[in-house]
Structure formats: C-alpha cells, structure tokens
Amino acid sequence: MRFKLIIAGLCAIGTFSVPARAASLLDYVGQCVPFARAASGIQIYGDAWTWWDKAAGVYQRGETPRSGAVIVFARTARLPLGHVAVISRVVDRRVVMVTHANWSRQNGERGHAEQDVTLTDVSPYNDWSEVKVWYRDMEGLGSTVYPTYGFIYGKPVARGTAARPAPELTRRNPDYVGALIDAYR
C-alpha cells in the first residue's frame, strides 16, 4: 500500500509515503496533518488549525464525534500550528478514542502514530469545544485543556465520494474500560 500526499504547513513541502514494506499506517513517524489526511481520507492541506475553515463548504462539519471524523484543535501557545486527530471509536457521549501522530513521545522522540488514545470532552456545554488528551508520558489524561473547533466528517457537502478512513484506525478489541477510567478518574 502506498500513499502519496503533499505536506504543507507543518513541515517543509515534500511528500509523505507509507513505504511498501511498512506493516501499516501506524508505522508512520512525522507530523499530524499528513497522518490525519491518510488515516481519514479527508483531503485538506495546510496547518492543522486551518482545517476547520478550509472544510467549510467542502466537507460536512459538526459538534458530534463519529468514527472516521477529524477533530480540529485550535491554535494555542502550546499548539502554535493546532493539531488534528482522527476519531477511531466513540466510547460514550463525552469520551472517544483517537488515532493520531506527533503527540506523545515514544522512545524519546515525537512524531509517532498512536492508536485508540483517550480524548475526553471537558467543555461546560458538552459540545466538544474543550478537550483533554491522554498523554503517554503521564500514562493518563494530560492536565491541559485544549480548545477545538469541532469535527470534520468525510462526507462532502456537494456531490462527491465520501472519504474512506484507513482500516488501522482502531484495534480489534480497544480498551473501552481503560478509556473510561482515564476520562473519569
């Protein structure tokens, strides 16, 4: 399997390919944007925080998490380019699992893909406008609250083919109990 995508915004312009010898998309090491594009099938380019506006009129958007949708994190001092992650599972109305890249450190370096990571809605109105994310270095939810714009769904607004998420978005048996414990402890 080979994906060829143009990287713009988060790093120098070039191409991202999942090598033919790679076992899966989860072997990827790099920025969140090309990973989210390959994992979700949603074809948006540019810095992560720009995805929300770029999706307007192109893809459906909303406040409800769905498997395969991309959640767009706003630009902040901690995330100057924002962040994008793909919803791999909906656990309950305030807890989902995401598959994303370039969040936690693995073996001392950033950029690795992570599958089925807990993300919880901590917004006062239950609208997913503020979230906390599981962070490997803490082995639990981080303490930082991140603002988000919402979810981009793979269905185009006008006619067109819906995006197809990668089959590696979720494990066969994800740890729902662990996700709930992380979110509600």
# chains A, B, ... in the order shown; residues from 1 in each chain; ligands from 1
call {"tool": "closest_atom_pairs", "arguments": {"of": "segment 82-136 of chain A", "to": "segment 142-159 of chain A", "cutoff": "7 Å", "atoms": "only C-alpha atoms", "output": "JSON lines"}}
result
{"residue": "A:Trp128", "atom": "CA", "partner": "A:Gly150", "partner_atom": "CA", "distance": 6.7}
{"residue": "A:Ser129", "atom": "CA", "partner": "A:Thr148", "partner_atom": "CA", "distance": 4.9}
{"residue": "A:Glu130", "atom": "CA", "partner": "A:Pro147", "partner_atom": "CA", "distance": 4.4}
{"residue": "A:Val131", "atom": "CA", "partner": "A:Tyr146", "partner_atom": "CA", "distance": 5.3}
{"residue": "A:Lys132", "atom": "CA", "partner": "A:Val145", "partner_atom": "CA", "distance": 5.2}
{"residue": "A:Val133", "atom": "CA", "partner": "A:Gly142", "partner_atom": "CA", "distance": 5.8}
{"residue": "A:Trp134", "atom": "CA", "partner": "A:Gly142", "partner_atom": "CA", "distance": 5.7}
{"residue": "A:Tyr135", "atom": "CA", "partner": "A:Gly142", "partner_atom": "CA", "distance": 5.5}
call {"tool": "write_last_selection", "arguments": {"atoms": "C-alpha atoms", "output": "PDB file, in the first residue's frame"}}
result
ATOM      1  CA  TRP A 128     -16.559  19.183  22.430  1.00  0.00           C
ATOM      2  CA  SER A 129     -15.161  22.743  22.285  1.00  0.00           C
ATOM      3  CA  GLU A 130     -12.612  21.860  25.013  1.00  0.00           C
ATOM      4  CA  VAL A 131     -10.861  18.525  25.434  1.00  0.00           C
ATOM      5  CA  LYS A 132      -8.168  16.710  27.372  1.00  0.00           C
ATOM      6  CA  VAL A 133      -5.950  14.141  25.681  1.00  0.00           C
ATOM      7  CA  TRP A 134      -4.255  11.022  27.024  1.00  0.00           C
ATOM      8  CA  TYR A 135      -0.519  11.619  27.182  1.00  0.00           C
TER       9      TYR A 135
END
call {"tool": "residues_around", "arguments": {"residues": "segment 96-102 of chain A", "least_positions_apart": "5", "cutoff": "8 Å", "atoms": "only C-alpha atoms", "output": "MDAnalysis selection string"}}
result
chainID A and resid 28:32 35:36 65 84:91 110:120 169:170 179
call {"tool": "select_by_dssp", "arguments": {"residues": "chain A", "states": "alpha helix (DSSP H)", "output": "MDAnalysis selection string"}}
result
chainID A and resid 32:40 51:55 176:184
call {"tool": "write_last_selection", "arguments": {"atoms": "C-alpha atoms", "output": "compact mmCIF listing (two decimals), in the first residue's frame"}}
result
# COMPACT_ATOMS: atom_id res chain seq x y z
CA CYS A 32 -0.19 15.13 12.46
CA VAL A 33 -1.54 16.69 9.24
CA PRO A 34 -0.33 14.16 6.65
CA PHE A 35 -1.15 11.35 9.06
CA ALA A 36 -4.74 12.59 9.57
CA ARG A 37 -5.19 13.03 5.83
CA ALA A 38 -4.03 9.45 5.13
CA ALA A 39 -5.93 7.96 8.08
CA SER A 40 -9.25 9.75 7.45
CA TRP A 51 -8.56 22.69 8.53
CA TRP A 52 -11.82 23.88 10.12
CA ASP A 53 -12.22 26.90 7.83
CA LYS A 54 -10.89 25.02 4.80
CA ALA A 55 -13.54 22.31 5.30
CA TYR A 176 -13.04 0.85 26.49
CA VAL A 177 -12.75 0.36 30.25
CA GLY A 178 -9.29 1.95 30.30
CA ALA A 179 -10.58 4.90 28.26
CA LEU A 180 -13.44 5.45 30.72
CA ILE A 181 -11.15 5.13 33.73
CA ASP A 182 -8.76 7.69 32.19
CA ALA A 183 -11.61 10.09 31.48
CA TYR A 184 -13.48 9.87 34.78
